[in-house]
Protein chains: 4
Amino acid sequence: MTPVTSPVRIQATDASDQPERTPQLEDLYRSFEHQLLVPLWTEIGELMPPSPSSRAVPHLWRWQRLRPAAARAGELIPVGRGGERRAMALANPGLGGQPFATPTLWAAIQYLNPNEDAPVHRHTQHAFRFVVEGEGVWTVVNGDPVAMRRGDFLPQAGWNWHGHHNRSGHAMAWIDGLDIPFQHYTGATFFEFGPDEVETREAPDRSRSERLWAHPGLRPLTRLRPTPSTPLLAYRWEYTDRALSEQLALEAEGEPVTVEPGHAAVRYTNPTTGGDVLTTLRCEFHRLAPDTGTAPRQEVGSSVFQVFDGTGEVTVGNTSWTVERGDLFVVPSWQPLVLATEDGLDLFRFTDAPIFERLHLDRSHQERPGA
Amino acid sequence: MTPVTSPVRIQATDASDQPERTPQLEDLYRSFEHQLLVPLWTEIGELMPPSPSSRAVPHLWRWQRLRPAAARAGELIPVGRGGERRAMALANPGLGGQPFATPTLWAAIQYLNPNEDAPVHRHTQHAFRFVVEGEGVWTVVNGDPVAMRRGDFLPQAGWNWHGHHNRSGHAMAWIDGLDIPFQHYTGATFFEFGPDEVETREAPDRSRSERLWAHPGLRPLTRLRPTPSTPLLAYRWEYTDRALSEQLALEAEGEPVTVEPGHAAVRYTNPTTGGDVLTTLRCEFHRLAPDTGTAPRQEVGSSVFQVFDGTGEVTVGNTSWTVERGDLFVVPSWQPLVLATEDGLDLFRFTDAPIFERLHLDRSHQERPGA
Amino acid sequence: MTPVTSPVRIQATDASDQPERTPQLEDLYRSFEHQLLVPLWTEIGELMPPSPSSRAVPHLWRWQRLRPAAARAGELIPVGRGGERRAMALANPGLGGQPFATPTLWAAIQYLNPNEDAPVHRHTQHAFRFVVEGEGVWTVVNGDPVAMRRGDFLPQAGWNWHGHHNRSGHAMAWIDGLDIPFQHYTGATFFEFGPDEVETREAPDRSRSERLWAHPGLRPLTRLRPTPSTPLLAYRWEYTDRALSEQLALEAEGEPVTVEPGHAAVRYTNPTTGGDVLTTLRCEFHRLAPDTGTAPRQEVGSSVFQVFDGTGEVTVGNTSWTVERGDLFVVPSWQPLVLATEDGLDLFRFTDAPIFERLHLDRSHQERPGA
Amino acid sequence: MTPVTSPVRIQATDASDQPERTPQLEDLYRSFEHQLLVPLWTEIGELMPPSPSSRAVPHLWRWQRLRPAAARAGELIPVGRGGERRAMALANPGLGGQPFATPTLWAAIQYLNPNEDAPVHRHTQHAFRFVVEGEGVWTVVNGDPVAMRRGDFLPQAGWNWHGHHNRSGHAMAWIDGLDIPFQHYTGATFFEFGPDEVETREAPDRSRSERLWAHPGLRPLTRLRPTPSTPLLAYRWEYTDRALSEQLALEAEGEPVTVEPGHAAVRYTNPTTGGDVLTTLRCEFHRLAPDTGTAPRQEVGSSVFQVFDGTGEVTVGNTSWTVERGDLFVVPSWQPLVLATEDGLDLFRFTDAPIFERLHLDRSHQERPGA
């Protein structure tokens, strides 16, 4: 990734809404370039399109190919100080080779061999892990060891110390989501190294954060101030699965609790505010009942999805794929998304939506199911 | 309860900071009375004391006496339209015979015979039920039947339709908490009658609200707007008990999660905001481990406690009682509270604290444990 | 003002919705009284009316009578430590002789002779002064001297030190508004004495708070944190008058900026939040153009109005008065208010509305002008 | 500006913290490239630096050169539909030729000849104009004509219709600030064309928005809902100048109201919230008294300054310039800024700080004046 700083070059075209290219105009444009000035009138089509036009493109990464690539990295690449993590990021083909799934989102597969430690560090980037298969790793957050198992969602708010440790006899892979591209672009990044090994080898079934926080609607009296990001470090599959099953059961009883027919969904939230689990990242889980199709939906902001279970057809803009367990795909800003399944489909999703909502730049459009 | 409107009468005393009572002054005071004017200088001691001085006094009601009185009412008083509820309110002896536990809080024991319905109505007053013993009643809120069982806390935000139905073969008693005195005093009350019988005889183990909302940190995608009061209609004892046990276990492991040594506590919260469960009422559960004593604590605002389990010594200001299961006591504003127990003590508590916090009038003072 | 604590006495009537008064019932009620219990079913009509039913009643105090009464107090009553202020409060005839304009609001005329000091103190009660006539007094708030002149509104958030000093050769009267009744009832009051004389004899035209804060839309970079109440200590008549004139002029140009035809109004706000000037008190200024009448309006919460200029007809519920400069009147909760004027009417108003809004208990109803 | 989408190319180096480049590793990296994967361990230094490391660099544009370039464009370039504005944007030399002052901020000089109209459009980008010299143009916002004069700040929240019209006999230049780069990068942009000419030729001294809103601390009763961005369309120089003068005068009287000795500053705010004037842009005005120097200050987020009056020395990181009226300079994220002046310096500033504050990513560091 080598960003090149280049001089200004004005792309004056002969387009109908551009002034005629006279020698005087050429002189003017040369003087602009010399002064590091760029006219709006030559760039407005690119800069101010009628609706969002992202450089990112829809793309799919197959778990069946990612997983062996990660395993091969497990053989060749050590994990340690400096490189910090054996993580391989999805690089959207529209983004010029940068390791970014979308302009704002980082998505990577991370891989840890038996008994390996990923060293402790902290950074302002918000992060989470989501586990599509396996178990055996504990992520240790500020000294609190958090088990990672299939279906678990493990948020990691910025500036908390964290490292990972594989306690099991087999390797484990999972996905990491972060706001690295957003913080990189806007210049907000701080980073510090911690110890090379995690602080504790304890491997409890439930983290201390869960024992303190994972009680519905109950809050410890000693933790009453809202925190911008969640203090709960694990959202277990058992609860997510049950919440989705109940939504579909309530729908069957006639209650209007689903997003659309056959489409249940939950958002992971910060129990101290009821809002998004991380200040820059929205994380959700969607379940489509068998024989369900969604209405096309457009949103400002980009998403990454991972298939957790089942199979289905995904259409993003003009691109369609058949997807199965572990597959990851990207939905750029304002591209219409349609999901369909015959045998049921479980999907994890994360987006940059909180950025737009907090700045009042959010918009969405969904066609009516019957329209 | 007969409020009497009386003419103004100025209590001019000979106190040292009062002007001498000359005939001219007497004339002035008579003209004030005639004009419906009252001087500040004669009243300031009462109106603006150095610290809060409530008319309410500390008082204890024994469950062993309340329960039989309620049962006798069950024999003599029908439940139905007009009277609405077989509820008997605690009348603080300092409040002139009004049925108010404190100037802002209503606390009552309610009693329902087998197969009785308490008719459906709605009101702007916020309410909850807390169950110290028994089961068999379903409260039906906007058509959603909610089971009531020992240890459960069942909030009832203002302006929702609700009635109760006893499905069991035995009578059931519980306590109601409301903000009736506050809304009565300030003039905010609206009330409407609904059907005479509850809408449904269904008696499910879990209400629809729990199936939708009682998943820690998870929020249905179709219910993303914050609501001022909680949408969750039941906070089950199973969760409360576990949260408190975990706090004491974490404390034993060295984690600073308790209010003070041996004193665990949770607040019931609105999952859409992380804040108080009802906009005017704060509700909490406190657990004291065996051989625990609390440091004296003063707060602006008044509280009502009910002993859920165990025994202990309670001191409010200069008054002390030995308490046991079901006993209810009142802590007026700014009166110091001390709790102590040898064999452990579980306490439900509700207060008007959200009123003061939202108006930035809250204050508290707690002596340091070792001080 | 002597609150009497009386034993509980149950007002069991023979009304149709009450159980028949048998000897057993009488026994039950006696046992309730003995236990300090009051049934809901005998009190519900009073406690839970269909709409707000305040004990306060509409009432008018004439400035032409208040002003001389205050002047007479100026001759007979010294101002000093203990009595603190030469203030005479409006006592609503429905509130049993208490010096309260409404259940939540205190309104008083205060009077200061030439060269007198009202001693320095502070209290949690929020306060303001509004000047209907005269000038010459400086109120000194945390050492900042603030001139008081006709038309000025001078807020005084709780817990700030303040005293008053008359620098002129003539006496001055103004009105004070506070939330004394609310804080007295709920038990939130703290009070402290300061020096007997104000800290400074400076008498600048503009206070330091105005020099720092009274610039529209501009905020000092050193004062960026929101404060619950306003840091601006004077809202000058010049600005209020101009804002109202502009509203009427804009209306005449076809802009929909008035409350209703001919009815301009501004709210005094906290520049750090855009919200109410004091956390418990809303303060507004209303101007009716000549030949204007308002549509009936009902609100939860009570108000006190003072006529600043002009004359008009005021109707509150079933009571009507012709009003003129200085007259004060009370609108109890939910009582319909109608204003009408032939020659124009300027009105200052304050209410307890922020209490209800912050607790989500606010409601209002206004008939359509043409309805 | 031609973004190029390129295949992934992994920059595997021989740096000490990178694994040895064996043939197997080369094979792995080739397979990553083929799969559109990028390792974290080769990029982490660039992506996660210890503190923010922006691609933007400090740079200065001289008004003395900008102004003639704009005038020459006035001769050669028509203003009309399609090109929309005769605006020339500052292109930071670190940003690869893009017309962006910083990664998030657009700053341009705009130029309008006598009697020209800049056509009406609207867009989600937030914008403002700031006038360093001249007058004669009215910007028409939703039909409200707003005069533009030296020293005025004219915010323009997203999605409001607006065009400009030069009513005077001479050309006028000013600067535009927008969040174009931020919305372009994140994909949030919507745009719509309006009429080719502004809706009105009226040229009032004060806009309707000012007549309704520019009264300190007063709010129209018909405009009580907070709006995310300001409803006030002009912040006049008269008020800004007075606020700054008062701060310096208060400082001279011993009041701690300035940012640091001799350094006064105001923030332009939204009167409905007290917060930033636009949701993504913070705008401020700073005044340094003669012989003042500021302590070095670092902030997350980038700024653009324009000198309004006076002269001084500006140091950003390792770069220093002597500046005078109209000069524009850029401060990239976390680069230390120092200002100094002998004869006094007035500076307008805008930044992307609200983005970071709303996402809890803000940080700053200022050395103590004496340190």
# chains A, B, ... in the order shown; residues from 1 in each chain; ligands from 1

$ interface_residues --of "chain D" --to "chain A" --cutoff "6 Å" --atoms "only C-alpha atoms" --output "PyMOL selection string"
chain D and resi 5-8+17+36-41+50-52+54+82-83+87-91+94-97+99+187-191+279+300+333+359

$ write_last_selection --atoms "N, CA and C atoms" --output "mmCIF file, in the first residue's frame"
data_model
loop_
_atom_site.group_PDB
_atom_site.id
_atom_site.type_symbol
_atom_site.label_atom_id
_atom_site.label_comp_id
_atom_site.auth_asym_id
_atom_site.auth_seq_id
_atom_site.Cartn_x
_atom_site.Cartn_y
_atom_site.Cartn_z
ATOM 1 N N THR D 5 -8.444 1.765 -9.740
ATOM 2 C CA THR D 5 -8.604 0.534 -8.986
ATOM 3 C C THR D 5 -7.517 -0.419 -9.447
ATOM 4 N N SER D 6 -6.715 -0.848 -8.526
ATOM 5 C CA SER D 6 -5.589 -1.690 -8.885
ATOM 6 C C SER D 6 -5.703 -3.001 -8.143
ATOM 7 N N PRO D 7 -5.068 -4.031 -8.630
ATOM 8 C CA PRO D 7 -5.068 -5.289 -7.893
ATOM 9 C C PRO D 7 -4.253 -5.112 -6.624
ATOM 10 N N VAL D 8 -4.512 -5.979 -5.686
ATOM 11 C CA VAL D 8 -3.741 -5.959 -4.448
ATOM 12 C C VAL D 8 -2.280 -6.289 -4.742
ATOM 13 N N ASP D 17 10.805 -6.918 11.755
ATOM 14 C CA ASP D 17 9.640 -7.559 12.368
ATOM 15 C C ASP D 17 8.809 -8.327 11.342
ATOM 16 N N LEU D 36 -7.593 -11.413 -3.090
ATOM 17 C CA LEU D 36 -7.895 -10.061 -2.558
ATOM 18 C C LEU D 36 -7.839 -10.042 -1.033
ATOM 19 N N LEU D 37 -6.711 -10.575 -0.532
ATOM 20 C CA LEU D 37 -6.442 -10.529 0.910
ATOM 21 C C LEU D 37 -5.140 -9.766 1.130
ATOM 22 N N VAL D 38 -5.091 -9.012 2.215
ATOM 23 C CA VAL D 38 -3.852 -8.300 2.564
ATOM 24 C C VAL D 38 -3.540 -8.597 4.029
ATOM 25 N N PRO D 39 -2.292 -9.005 4.314
ATOM 26 C CA PRO D 39 -1.957 -9.295 5.716
ATOM 27 C C PRO D 39 -1.915 -8.010 6.540
ATOM 28 N N LEU D 40 -2.323 -8.139 7.796
ATOM 29 C CA LEU D 40 -2.141 -7.019 8.707
ATOM 30 C C LEU D 40 -0.662 -6.783 8.996
ATOM 31 N N TRP D 41 0.087 -7.880 9.128
ATOM 32 C CA TRP D 41 1.457 -7.736 9.645
ATOM 33 C C TRP D 41 2.384 -6.954 8.726
ATOM 34 N N PRO D 50 1.499 5.028 16.173
ATOM 35 C CA PRO D 50 1.334 5.380 17.599
ATOM 36 C C PRO D 50 0.440 6.594 17.807
ATOM 37 N N SER D 51 0.485 7.542 16.872
ATOM 38 C CA SER D 51 -0.422 8.693 16.964
ATOM 39 C C SER D 51 -0.819 9.073 15.540
ATOM 40 N N PRO D 52 -1.861 9.924 15.390
ATOM 41 C CA PRO D 52 -2.390 10.181 14.047
ATOM 42 C C PRO D 52 -1.321 10.659 13.083
ATOM 43 N N SER D 54 -1.450 11.883 9.353
ATOM 44 C CA SER D 54 -2.292 12.210 8.203
ATOM 45 C C SER D 54 -1.463 12.308 6.938
ATOM 46 N N GLY D 82 -24.734 23.011 -14.128
ATOM 47 C CA GLY D 82 -23.748 21.992 -14.489
ATOM 48 C C GLY D 82 -22.480 22.192 -13.684
ATOM 49 N N GLY D 83 -21.789 23.293 -13.977
ATOM 50 C CA GLY D 83 -20.610 23.623 -13.167
ATOM 51 C C GLY D 83 -21.022 24.187 -11.820
ATOM 52 N N ALA D 87 -15.946 28.198 -8.197
ATOM 53 C CA ALA D 87 -15.228 27.975 -6.941
ATOM 54 C C ALA D 87 -13.947 27.220 -7.249
ATOM 55 N N MET D 88 -12.864 27.650 -6.611
ATOM 56 C CA MET D 88 -11.557 27.037 -6.829
ATOM 57 C C MET D 88 -11.062 26.512 -5.488
ATOM 58 N N ALA D 89 -10.881 25.183 -5.419
ATOM 59 C CA ALA D 89 -10.627 24.534 -4.130
ATOM 60 C C ALA D 89 -9.144 24.403 -3.846
ATOM 61 N N LEU D 90 -8.794 24.524 -2.590
ATOM 62 C CA LEU D 90 -7.423 24.301 -2.148
ATOM 63 C C LEU D 90 -7.141 22.801 -2.170
ATOM 64 N N ALA D 91 -6.073 22.411 -2.884
ATOM 65 C CA ALA D 91 -5.733 20.997 -3.009
ATOM 66 C C ALA D 91 -4.476 20.713 -2.200
ATOM 67 N N GLY D 94 -0.450 16.839 -0.092
ATOM 68 C CA GLY D 94 -0.286 15.454 0.361
ATOM 69 C C GLY D 94 -1.391 14.525 -0.100
ATOM 70 N N LEU D 95 -2.423 15.051 -0.724
ATOM 71 C CA LEU D 95 -3.617 14.242 -0.997
ATOM 72 C C LEU D 95 -3.768 13.842 -2.462
ATOM 73 N N GLY D 96 -2.666 13.772 -3.155
ATOM 74 C CA GLY D 96 -2.664 13.131 -4.466
ATOM 75 C C GLY D 96 -3.438 13.876 -5.534
ATOM 76 N N GLY D 97 -3.519 15.173 -5.407
ATOM 77 C CA GLY D 97 -4.180 15.934 -6.461
ATOM 78 C C GLY D 97 -5.672 16.105 -6.271
ATOM 79 N N PRO D 99 -9.046 17.708 -4.794
ATOM 80 C CA PRO D 99 -9.320 19.105 -4.423
ATOM 81 C C PRO D 99 -9.752 19.244 -2.962
ATOM 82 N N GLY D 187 -19.337 8.082 1.286
ATOM 83 C CA GLY D 187 -20.471 7.702 0.439
ATOM 84 C C GLY D 187 -21.809 8.147 0.985
ATOM 85 N N ALA D 188 -21.938 9.412 1.331
ATOM 86 C CA ALA D 188 -23.170 9.909 1.944
ATOM 87 C C ALA D 188 -23.864 10.994 1.125
ATOM 88 N N THR D 189 -23.380 11.248 -0.085
ATOM 89 C CA THR D 189 -23.763 12.435 -0.843
ATOM 90 C C THR D 189 -25.058 12.301 -1.647
ATOM 91 N N PHE D 190 -25.985 13.224 -1.433
ATOM 92 C CA PHE D 190 -27.125 13.397 -2.349
ATOM 93 C C PHE D 190 -27.096 14.832 -2.857
ATOM 94 N N PHE D 191 -27.620 15.012 -4.070
ATOM 95 C CA PHE D 191 -27.560 16.321 -4.732
ATOM 96 C C PHE D 191 -28.792 16.495 -5.611
ATOM 97 N N THR D 279 -23.460 20.014 11.745
ATOM 98 C CA THR D 279 -23.199 18.741 12.443
ATOM 99 C C THR D 279 -21.809 18.187 12.183
ATOM 100 N N VAL D 300 -6.908 15.920 17.582
ATOM 101 C CA VAL D 300 -7.370 14.977 16.564
ATOM 102 C C VAL D 300 -8.322 15.728 15.653
ATOM 103 N N SER D 333 -4.295 16.693 11.177
ATOM 104 C CA SER D 333 -4.582 16.059 12.468
ATOM 105 C C SER D 333 -3.318 15.857 13.287
ATOM 106 N N LEU D 359 -18.329 10.856 17.877
ATOM 107 C CA LEU D 359 -17.942 9.451 17.890
ATOM 108 C C LEU D 359 -17.010 9.128 19.065
#

$ residues_around --residues "Leu218 (chain C)" --least-positions-apart "6" --cutoff "10 Å" --atoms "only C-alpha atoms" --output "list in words"
Leu212 and Pro271 of chain C; Pro216, Tyr235, Tyr239, Thr240, Ala243, Leu244, Ala265, Val266, Arg267, Tyr268, Thr269, Asn270, Pro271, Gly274, Val277, Glu284 and Phe285 of chain D

$ write_last_selection --atoms "N, CA, C and O atoms" --output "JSON list (two decimals), in the first residue's frame"
[["chain", "number", "residue", "atom", "x", "y", "z"],
["C", 212, "LEU", "N", -19.98, 38.41, 28.46],
["C", 212, "LEU", "CA", -19.44, 37.12, 28.01],
["C", 212, "LEU", "C", -20.43, 36.34, 27.15],
["C", 212, "LEU", "O", -20.04, 35.65, 26.22],
["C", 271, "PRO", "N", -28.37, 29.48, 26.80],
["C", 271, "PRO", "CA", -27.60, 29.43, 25.55],
["C", 271, "PRO", "C", -26.68, 28.22, 25.45],
["C", 271, "PRO", "O", -26.19, 27.91, 24.38],
["D", 216, "PRO", "N", -30.22, 37.35, 21.62],
["D", 216, "PRO", "CA", -29.47, 36.47, 22.52],
["D", 216, "PRO", "C", -30.34, 35.81, 23.59],
["D", 216, "PRO", "O", -31.00, 36.49, 24.36],
["D", 235, "TYR", "N", -24.19, 35.15, 10.98],
["D", 235, "TYR", "CA", -23.56, 35.56, 12.23],
["D", 235, "TYR", "C", -22.74, 36.80, 11.87],
["D", 235, "TYR", "O", -21.69, 36.68, 11.25],
["D", 239, "TYR", "N", -21.35, 41.44, 15.95],
["D", 239, "TYR", "CA", -21.47, 40.68, 17.19],
["D", 239, "TYR", "C", -20.17, 39.94, 17.52],
["D", 239, "TYR", "O", -19.74, 39.87, 18.67],
["D", 240, "THR", "N", -19.57, 39.34, 16.50],
["D", 240, "THR", "CA", -18.33, 38.58, 16.71],
["D", 240, "THR", "C", -17.25, 39.50, 17.26],
["D", 240, "THR", "O", -16.56, 39.18, 18.25],
["D", 243, "ALA", "N", -17.97, 40.46, 20.89],
["D", 243, "ALA", "CA", -17.75, 39.36, 21.83],
["D", 243, "ALA", "C", -16.26, 39.19, 22.12],
["D", 243, "ALA", "O", -15.85, 38.96, 23.27],
["D", 244, "LEU", "N", -15.44, 39.33, 21.08],
["D", 244, "LEU", "CA", -14.00, 39.15, 21.27],
["D", 244, "LEU", "C", -13.40, 40.32, 22.06],
["D", 244, "LEU", "O", -12.56, 40.12, 22.94],
["D", 265, "ALA", "N", -11.54, 33.88, 22.01],
["D", 265, "ALA", "CA", -12.10, 33.05, 20.95],
["D", 265, "ALA", "C", -13.57, 32.77, 21.20],
["D", 265, "ALA", "O", -13.99, 32.62, 22.35],
["D", 266, "VAL", "N", -14.32, 32.73, 20.09],
["D", 266, "VAL", "CA", -15.72, 32.32, 20.17],
["D", 266, "VAL", "C", -15.97, 31.18, 19.19],
["D", 266, "VAL", "O", -15.31, 31.06, 18.17],
["D", 267, "ARG", "N", -16.93, 30.38, 19.54],
["D", 267, "ARG", "CA", -17.43, 29.34, 18.64],
["D", 267, "ARG", "C", -18.80, 29.75, 18.13],
["D", 267, "ARG", "O", -19.63, 30.22, 18.90],
["D", 268, "TYR", "N", -19.02, 29.58, 16.84],
["D", 268, "TYR", "CA", -20.36, 29.79, 16.26],
["D", 268, "TYR", "C", -21.21, 28.58, 16.64],
["D", 268, "TYR", "O", -20.80, 27.44, 16.40],
["D", 269, "THR", "N", -22.39, 28.85, 17.22],
["D", 269, "THR", "CA", -23.21, 27.72, 17.70],
["D", 269, "THR", "C", -24.63, 27.76, 17.16],
["D", 269, "THR", "O", -25.13, 28.79, 16.71],
["D", 270, "ASN", "N", -25.25, 26.61, 17.23],
["D", 270, "ASN", "CA", -26.64, 26.40, 16.87],
["D", 270, "ASN", "C", -27.49, 26.83, 18.07],
["D", 270, "ASN", "O", -27.42, 26.20, 19.13],
["D", 271, "PRO", "N", -28.31, 27.88, 17.95],
["D", 271, "PRO", "CA", -29.04, 28.35, 19.14],
["D", 271, "PRO", "C", -30.08, 27.35, 19.64],
["D", 271, "PRO", "O", -30.57, 27.50, 20.76],
["D", 274, "GLY", "N", -27.07, 24.85, 21.47],
["D", 274, "GLY", "CA", -25.85, 25.30, 22.09],
["D", 274, "GLY", "C", -24.60, 24.63, 21.53],
["D", 274, "GLY", "O", -23.49, 24.94, 21.95],
["D", 277, "VAL", "N", -22.42, 24.65, 15.02],
["D", 277, "VAL", "CA", -23.31, 25.31, 14.08],
["D", 277, "VAL", "C", -23.77, 24.38, 12.97],
["D", 277, "VAL", "O", -24.89, 24.49, 12.46],
["D", 284, "GLU", "N", -15.05, 28.73, 14.22],
["D", 284, "GLU", "CA", -14.65, 29.58, 15.34],
["D", 284, "GLU", "C", -13.97, 30.86, 14.82],
["D", 284, "GLU", "O", -13.51, 30.92, 13.69],
["D", 285, "PHE", "N", -13.89, 31.82, 15.72],
["D", 285, "PHE", "CA", -13.11, 33.02, 15.42],
["D", 285, "PHE", "C", -12.17, 33.26, 16.60],
["D", 285, "PHE", "O", -12.60, 33.26, 17.75]]

$ residues_around --residues "region 126-129 of chain C" --least-positions-apart "6" --cutoff "7 Å" --atoms "only C-alpha atoms" --output "list of chain:residue names"
C:Phe153, C:Leu154, C:Pro155, C:Gln156, C:Ala157, C:Gly158, C:Trp174, C:Ile175, C:Asp176, C:Gly177, C:Leu178, C:Asp179, C:Leu278

$ residues_around --residues "Thr351 (chain C)" --least-positions-apart "4" --cutoff "7 Å" --atoms "only C-alpha atoms" --output "PyMOL selection string"
chain C and resi 281-283+301-304

$ select_by_dssp --residues "region 57-234 of chain B" --states "strand (DSSP E)" --output "NGL selection string"
:B and (59-61 or 87-90 or 106-112 or 117-123 or 127-130 or 135-141 or 144-149 or 153-156 or 162-166 or 172-178 or 191-193 or 218-220)

$ select_by_dssp --residues "region 120-331 of chain A" --states "helix (DSSP H, G or I)" --output "number ranges by chain"
A: 180-186, 208-213, 237-252

$ write_last_selection --atoms "C-alpha atoms" --output "PDB file, in the first residue's frame"
ATOM      1  CA  ILE A 180      -9.402   0.946  10.804  1.00  0.00           C
ATOM      2  CA  PRO A 181     -10.128   2.530   7.386  1.00  0.00           C
ATOM      3  CA  PHE A 182     -12.272   5.255   8.917  1.00  0.00           C
ATOM      4  CA  GLN A 183      -9.763   6.181  11.605  1.00  0.00           C
ATOM      5  CA  HIS A 184      -6.887   5.894   9.141  1.00  0.00           C
ATOM      6  CA  TYR A 185      -8.546   8.203   6.643  1.00  0.00           C
ATOM      7  CA  THR A 186      -9.626  10.806   9.167  1.00  0.00           C
ATOM      8  CA  ARG A 208     -16.307 -11.311  34.612  1.00  0.00           C
ATOM      9  CA  SER A 209     -17.981  -8.782  32.318  1.00  0.00           C
ATOM     10  CA  GLU A 210     -20.774 -11.253  31.596  1.00  0.00           C
ATOM     11  CA  ARG A 211     -21.210 -12.108  35.229  1.00  0.00           C
ATOM     12  CA  LEU A 212     -21.619  -8.403  35.940  1.00  0.00           C
ATOM     13  CA  TRP A 213     -23.614  -7.304  32.889  1.00  0.00           C
ATOM     14  CA  TRP A 237     -24.979 -17.454  20.718  1.00  0.00           C
ATOM     15  CA  GLU A 238     -27.479 -19.024  23.112  1.00  0.00           C
ATOM     16  CA  TYR A 239     -29.175 -15.659  23.653  1.00  0.00           C
ATOM     17  CA  THR A 240     -28.985 -14.496  20.033  1.00  0.00           C
ATOM     18  CA  ASP A 241     -30.439 -17.746  18.758  1.00  0.00           C
ATOM     19  CA  ARG A 242     -33.269 -17.649  21.253  1.00  0.00           C
ATOM     20  CA  ALA A 243     -34.140 -14.006  20.533  1.00  0.00           C
ATOM     21  CA  LEU A 244     -34.407 -14.758  16.811  1.00  0.00           C
ATOM     22  CA  SER A 245     -36.452 -17.915  17.332  1.00  0.00           C
ATOM     23  CA  GLU A 246     -38.850 -16.010  19.561  1.00  0.00           C
ATOM     24  CA  GLN A 247     -39.304 -13.295  16.964  1.00  0.00           C
ATOM     25  CA  LEU A 248     -40.294 -15.839  14.337  1.00  0.00           C
ATOM     26  CA  ALA A 249     -42.569 -17.623  16.827  1.00  0.00           C
ATOM     27  CA  LEU A 250     -44.239 -14.322  17.789  1.00  0.00           C
ATOM     28  CA  GLU A 251     -44.686 -13.490  14.117  1.00  0.00           C
ATOM     29  CA  ALA A 252     -46.410 -16.849  13.627  1.00  0.00           C
TER      30      ALA A 252
END

$ atom_distance --atom1 "CA of Pro114 (chain B)" --atom2 "CA of His170 (chain B)"
5.2 Å
